[in-house]
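Engineer: Before I ask anything, here is the structure I am working with.
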Amino acid sequence: MKHLNKSQKSILLIVLFCGILQLIRVQYTQSLFFSFLLWNLFLACIPYILSEVMKKSSLTKTKIIIGTSFWLLFLPNAPYMITDFIHLHQSKSTMIWYDLFMIFCFANTGLLLSIVSMHTIYKIIQKNWTLTIANHFIIGVVFLCGFGIYLGRFLRFNSWDIFTTPLQTLKQSLTSFTNQNAWFVSIGFGSLLWIMFSLYKTLKIVNEEK
């Protein structure tokens with residue numbers, strides 16, 4: 001714990017809080033129904049961890065590009081957790097308000113992880129290239145992330161499908177561009193992520209100026 005900074009400690013705290021909420025529900029209901037939230041949270045932590053490792057490492061531009069590619073591949077898993085509200089109606093528990101609160105905490109943690117890691121990568125791109133490139137990069141990232149959320153929720157793809165079934169994944173992904181829902185989800189989530197990122201960046205600048 002000593003080697004973690006304040007931001008990392010806060011992230012760890014909210015992740016542990018989500019885990020405790022799930023354990024309380026399991027103990028009370030004797031049901032593992034929402035246990036998939038823990039797996040989704042684990043996947044959401046991957047892009048955050050990758051970005052933190054890249055921030056602390058001295059990397060060449062080639063290694064930054066490779067690392068950022070892997071980061072982008074896993075990034076949609078973080079804001080994807082917002083869509084887990086769809087499972088709320090499947091719960092047979094009488095703890096509907098607890099379930100709502102729990103999913104809200106997991107979803108917001110996923111969103112937080114995505115925004116924080118996006119800002120870290122943004123600063124890395126800005127440092128090694130230019131501010132203009134970093135700004136254009138983030139715009140592309142948020143909408144690709146939105147599209148990734150669509151692929152995960154509607155087509156049920158996982159991040160590793162690009163390695164296990166690359167041709168099928170690529171084919172269905174390209175076909176999705178003719179689907180209206182794909183555009184709605186990509187633009188909707190992409191816009192949300194861009195707004196949240198812009199707000200986070202502004203708050204960071206304000207705090208640094210104090």
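Following the order of the structure tokens, first chain is A, next is B, and so on, with residues numbered from 1 inside each chain and ligands from 1 in the order they appear.
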Distance table requested - region 82-179 of chain A against region 39-53 of chain A, cut-off 7 Å, only C-alpha atoms: one row per qualifying residue with the closest atom pair and its distance in Å to one decimal, ordered by chain and rising residue number, as a Markdown table.
Structural biologist:
| residue | atom | partner | partner_atom | distance |
| --- | --- | --- | --- | --- |
| A:Gly110 | CA | A:Ala44 | CA | 5.8 |
| A:Leu113 | CA | A:Tyr48 | CA | 5.9 |
| A:Ser114 | CA | A:Tyr48 | CA | 6.9 |
| A:Ser117 | CA | A:Tyr48 | CA | 4.8 |
| A:Thr120 | CA | A:Ser51 | CA | 6.2 |
| A:Ile121 | CA | A:Ser51 | CA | 6.1 |
Engineer: Could you turn the residues from that selection into a file that holds N, CA and C atoms, as a PDB file, in the first residue's frame?
Structural biologist:
ATOM      1  N   GLY A 110     -16.548   1.420 -13.046  1.00  0.00           N
ATOM      2  CA  GLY A 110     -16.079   1.133 -14.400  1.00  0.00           C
ATOM      3  C   GLY A 110     -15.882   2.411 -15.206  1.00  0.00           C
ATOM      4  N   LEU A 113     -12.785   4.241 -13.880  1.00  0.00           N
ATOM      5  CA  LEU A 113     -11.557   3.584 -14.344  1.00  0.00           C
ATOM      6  C   LEU A 113     -11.246   3.946 -15.790  1.00  0.00           C
ATOM      7  N   SER A 114     -12.283   4.005 -16.613  1.00  0.00           N
ATOM      8  CA  SER A 114     -12.072   4.325 -18.029  1.00  0.00           C
ATOM      9  C   SER A 114     -11.600   5.762 -18.205  1.00  0.00           C
ATOM     10  N   SER A 117      -7.926   6.252 -16.823  1.00  0.00           N
ATOM     11  CA  SER A 117      -6.918   5.647 -17.695  1.00  0.00           C
ATOM     12  C   SER A 117      -6.829   6.390 -19.028  1.00  0.00           C
ATOM     13  N   THR A 120      -4.640   9.377 -18.468  1.00  0.00           N
ATOM     14  CA  THR A 120      -3.234   8.979 -18.354  1.00  0.00           C
ATOM     15  C   THR A 120      -2.623   8.758 -19.732  1.00  0.00           C
ATOM     16  N   ILE A 121      -3.326   8.014 -20.590  1.00  0.00           N
ATOM     17  CA  ILE A 121      -2.832   7.767 -21.950  1.00  0.00           C
ATOM     18  C   ILE A 121      -2.791   9.068 -22.743  1.00  0.00           C
TER      19      ILE A 121
END
Engineer: Neighbours of Met95 (chain A) within 10 Å (only C-alpha atoms; same-chain residues fewer than 6 positions away dropped), as a ChimeraX atom specification?
Structural biologist: /A:25,28-29,101
Engineer: Could you please take those selected residues and save C-alpha atoms as an mmCIF file, in the first residue's frame?
Structural biologist:
data_model
loop_
_atom_site.group_PDB
_atom_site.id
_atom_site.type_symbol
_atom_site.label_atom_id
_atom_site.label_comp_id
_atom_site.auth_asym_id
_atom_site.auth_seq_id
_atom_site.Cartn_x
_atom_site.Cartn_y
_atom_site.Cartn_z
ATOM 1 C CA ARG A 25 -25.427 -9.822 -1.255
ATOM 2 C CA TYR A 28 -27.733 -12.436 2.497
ATOM 3 C CA THR A 29 -29.364 -14.096 -0.526
ATOM 4 C CA PHE A 101 -27.302 0.496 -5.620
#
Engineer: Which residues come within 12 Å of Val185 (chain A), counting only C-alpha atoms, excluding same-chain residues fewer than 6 positions away, as a short mmCIF file (atom, residue, chain, number, x, y, z; two decimals) with all heavy atoms, in the first residue's frame?
Structural biologist:
data_model
loop_
_atom_site.label_atom_id
_atom_site.label_comp_id
_atom_site.auth_asym_id
_atom_site.auth_seq_id
_atom_site.Cartn_x
_atom_site.Cartn_y
_atom_site.Cartn_z
N TYR A 80 -18.41 -0.41 -20.26
CA TYR A 80 -19.40 -1.45 -20.59
C TYR A 80 -20.25 -1.80 -19.38
O TYR A 80 -21.42 -2.20 -19.51
CB TYR A 80 -18.66 -2.69 -21.11
CG TYR A 80 -19.52 -3.93 -21.26
CD1 TYR A 80 -20.23 -4.16 -22.44
CD2 TYR A 80 -19.61 -4.87 -20.23
CE1 TYR A 80 -21.00 -5.31 -22.59
CE2 TYR A 80 -20.39 -6.01 -20.38
CZ TYR A 80 -21.08 -6.22 -21.55
OH TYR A 80 -21.85 -7.34 -21.70
N THR A 83 -23.93 -0.94 -18.88
CA THR A 83 -24.99 -1.74 -19.51
C THR A 83 -25.45 -2.90 -18.63
O THR A 83 -26.43 -3.56 -18.96
CB THR A 83 -24.54 -2.29 -20.88
OG1 THR A 83 -23.50 -3.28 -20.68
CG2 THR A 83 -23.99 -1.18 -21.76
N VAL A 142 -12.91 7.53 -27.80
CA VAL A 142 -14.22 7.47 -27.14
C VAL A 142 -15.27 6.82 -28.04
O VAL A 142 -16.13 6.06 -27.56
CB VAL A 142 -14.69 8.87 -26.69
CG1 VAL A 142 -13.78 9.42 -25.61
CG2 VAL A 142 -14.78 9.85 -27.85
N PHE A 143 -15.20 7.09 -29.34
CA PHE A 143 -16.21 6.50 -30.23
C PHE A 143 -15.89 5.05 -30.57
O PHE A 143 -16.81 4.23 -30.75
CB PHE A 143 -16.36 7.35 -31.49
CG PHE A 143 -17.02 8.69 -31.22
CD1 PHE A 143 -16.29 9.86 -31.23
CD2 PHE A 143 -18.37 8.75 -30.89
CE1 PHE A 143 -16.89 11.08 -30.93
CE2 PHE A 143 -18.98 9.96 -30.60
CZ PHE A 143 -18.24 11.13 -30.62
N LEU A 144 -14.61 4.70 -30.63
CA LEU A 144 -14.25 3.30 -30.78
C LEU A 144 -14.66 2.51 -29.53
O LEU A 144 -15.08 1.36 -29.62
CB LEU A 144 -12.74 3.16 -30.99
CG LEU A 144 -12.22 3.49 -32.39
CD1 LEU A 144 -10.69 3.44 -32.40
CD2 LEU A 144 -12.78 2.53 -33.43
N CYS A 145 -14.54 3.17 -28.38
CA CYS A 145 -14.95 2.54 -27.13
C CYS A 145 -16.46 2.31 -27.13
O CYS A 145 -16.95 1.27 -26.69
CB CYS A 145 -14.54 3.43 -25.97
SG CYS A 145 -14.58 2.62 -24.36
N GLY A 146 -17.21 3.31 -27.62
CA GLY A 146 -18.66 3.16 -27.74
C GLY A 146 -19.03 2.00 -28.65
O GLY A 146 -19.95 1.23 -28.35
N PHE A 147 -18.29 1.86 -29.74
CA PHE A 147 -18.53 0.76 -30.67
C PHE A 147 -18.18 -0.57 -30.01
O PHE A 147 -18.87 -1.58 -30.21
CB PHE A 147 -17.70 0.95 -31.94
CG PHE A 147 -17.95 -0.08 -33.00
CD1 PHE A 147 -19.21 -0.27 -33.54
CD2 PHE A 147 -16.91 -0.88 -33.45
CE1 PHE A 147 -19.44 -1.24 -34.51
CE2 PHE A 147 -17.12 -1.84 -34.43
CZ PHE A 147 -18.39 -2.03 -34.96
N GLY A 148 -17.12 -0.56 -29.20
CA GLY A 148 -16.74 -1.77 -28.48
C GLY A 148 -17.81 -2.20 -27.49
O GLY A 148 -18.05 -3.40 -27.29
N ILE A 149 -18.47 -1.23 -26.88
CA ILE A 149 -19.56 -1.54 -25.95
C ILE A 149 -20.71 -2.20 -26.72
O ILE A 149 -21.33 -3.16 -26.23
CB ILE A 149 -20.05 -0.26 -25.26
CG1 ILE A 149 -18.96 0.27 -24.31
CG2 ILE A 149 -21.35 -0.52 -24.47
CD1 ILE A 149 -19.27 1.62 -23.71
N TYR A 150 -20.99 -1.70 -27.92
CA TYR A 150 -22.03 -2.32 -28.74
C TYR A 150 -21.66 -3.76 -29.08
O TYR A 150 -22.51 -4.67 -28.95
CB TYR A 150 -22.21 -1.53 -30.04
CG TYR A 150 -23.05 -2.27 -31.06
CD1 TYR A 150 -24.44 -2.27 -30.98
CD2 TYR A 150 -22.45 -3.00 -32.08
CE1 TYR A 150 -25.22 -2.98 -31.89
CE2 TYR A 150 -23.21 -3.71 -33.00
CZ TYR A 150 -24.60 -3.70 -32.90
OH TYR A 150 -25.36 -4.42 -33.80
N LEU A 151 -20.42 -3.99 -29.49
CA LEU A 151 -19.98 -5.34 -29.83
C LEU A 151 -20.09 -6.29 -28.64
O LEU A 151 -20.44 -7.46 -28.80
CB LEU A 151 -18.53 -5.31 -30.34
CG LEU A 151 -18.27 -4.57 -31.65
CD1 LEU A 151 -16.78 -4.59 -31.99
CD2 LEU A 151 -19.07 -5.18 -32.80
N GLY A 152 -19.81 -5.76 -27.45
CA GLY A 152 -19.87 -6.60 -26.26
C GLY A 152 -21.28 -6.90 -25.81
O GLY A 152 -21.61 -8.04 -25.47
N ARG A 153 -22.15 -5.90 -25.82
CA ARG A 153 -23.51 -6.08 -25.31
C ARG A 153 -24.42 -6.76 -26.32
O ARG A 153 -25.19 -7.65 -25.96
CB ARG A 153 -24.09 -4.71 -24.89
CG ARG A 153 -25.55 -4.75 -24.46
CD ARG A 153 -25.83 -5.79 -23.40
NE ARG A 153 -25.11 -5.54 -22.16
CZ ARG A 153 -24.98 -6.45 -21.21
NH1 ARG A 153 -25.46 -7.67 -21.35
NH2 ARG A 153 -24.31 -6.16 -20.08
N PHE A 154 -24.36 -6.36 -27.58
CA PHE A 154 -25.29 -6.87 -28.58
C PHE A 154 -24.77 -8.10 -29.33
O PHE A 154 -25.53 -9.02 -29.60
CB PHE A 154 -25.65 -5.77 -29.58
CG PHE A 154 -26.51 -4.69 -29.00
CD1 PHE A 154 -25.94 -3.59 -28.37
CD2 PHE A 154 -27.89 -4.77 -29.04
CE1 PHE A 154 -26.72 -2.58 -27.82
CE2 PHE A 154 -28.69 -3.78 -28.49
CZ PHE A 154 -28.11 -2.68 -27.88
N SER A 176 -21.57 -4.61 -38.75
CA SER A 176 -22.33 -3.81 -37.77
C SER A 176 -22.51 -2.36 -38.19
O SER A 176 -23.42 -1.68 -37.71
CB SER A 176 -21.63 -3.86 -36.40
OG SER A 176 -21.59 -5.17 -35.90
N PHE A 177 -21.67 -1.88 -39.10
CA PHE A 177 -21.77 -0.48 -39.52
C PHE A 177 -23.07 -0.21 -40.28
O PHE A 177 -23.46 0.94 -40.48
CB PHE A 177 -20.57 -0.10 -40.39
CG PHE A 177 -19.31 0.09 -39.59
CD1 PHE A 177 -18.27 -0.82 -39.69
CD2 PHE A 177 -19.16 1.18 -38.73
CE1 PHE A 177 -17.10 -0.65 -38.95
CE2 PHE A 177 -18.01 1.35 -37.99
CZ PHE A 177 -16.97 0.43 -38.10
N ASN A 179 -25.85 -1.42 -39.12
CA ASN A 179 -26.88 -1.56 -38.09
C ASN A 179 -27.09 -0.22 -37.38
O ASN A 179 -26.15 0.39 -36.88
CB ASN A 179 -26.47 -2.63 -37.07
CG ASN A 179 -27.58 -2.98 -36.10
OD1 ASN A 179 -28.10 -2.12 -35.41
ND2 ASN A 179 -27.94 -4.26 -36.06
N SER A 191 -20.13 9.96 -26.90
CA SER A 191 -20.37 11.35 -26.47
C SER A 191 -20.29 11.47 -24.95
O SER A 191 -19.72 12.43 -24.42
CB SER A 191 -21.74 11.81 -26.96
OG SER A 191 -21.81 11.80 -28.38
N LEU A 192 -20.87 10.49 -24.25
CA LEU A 192 -20.82 10.50 -22.78
C LEU A 192 -19.37 10.46 -22.30
O LEU A 192 -18.98 11.23 -21.42
CB LEU A 192 -21.60 9.32 -22.22
CG LEU A 192 -21.47 9.09 -20.70
CD1 LEU A 192 -22.06 10.27 -19.93
CD2 LEU A 192 -22.15 7.79 -20.28
N LEU A 193 -18.58 9.57 -22.88
CA LEU A 193 -17.19 9.43 -22.48
C LEU A 193 -16.40 10.69 -22.77
O LEU A 193 -15.54 11.11 -21.97
CB LEU A 193 -16.55 8.22 -23.19
CG LEU A 193 -17.03 6.85 -22.73
CD1 LEU A 193 -16.46 5.76 -23.63
CD2 LEU A 193 -16.63 6.59 -21.29
#
Engineer: Could you check which of A:Trp71, A:Trp129, A:Phe137, A:Tyr98 is closest to Trp194 (chain A), using only C-alpha atoms?
Structural biologist: A:Phe137
Engineer: Tell me, as a ChimeraX atom specification, which residues lie within 10 Å of Cys105 (chain A), counting only C-alpha atoms; anything in the same chain fewer than 4 positions away does not count.
Structural biologist: /A:14-15,17-18,21,81-82,99-101,109-111
Engineer: Using only C-alpha atoms, find the one residue out of A:Ile133, A:Thr164, A:Tyr122, A:Ser93 that sits nearest to Val26 (chain A).
Structural biologist: A:Ser93
Engineer: What separation in Å, quoted to one decimal, exists between CA of Gln27 (chain A) and CA of Gln8 (chain A)?
Structural biologist: 28.6 Å
Engineer: Separation of CA of Pro79 (chain A) and CA of Ile66 (chain A), in Å?
Structural biologist: 22.0 Å
Engineer: Could you state the separation of CA of Met196 (chain A) and CA of His89 (chain A) in Å, given to one decimal place?
Structural biologist: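 Distance between the two atoms: 27.6 Å.
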Engineer: Rank A:Glu208, A:Leu203, A:Leu112, A:Pro76 by their smallest atom-to-atom distance to Ser186 (chain A), using only C-alpha atoms, and report the top residue only.
Structural biologist: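 The shortest atom-to-atom distance to Ser186 (chain A) comes from A:Pro76.
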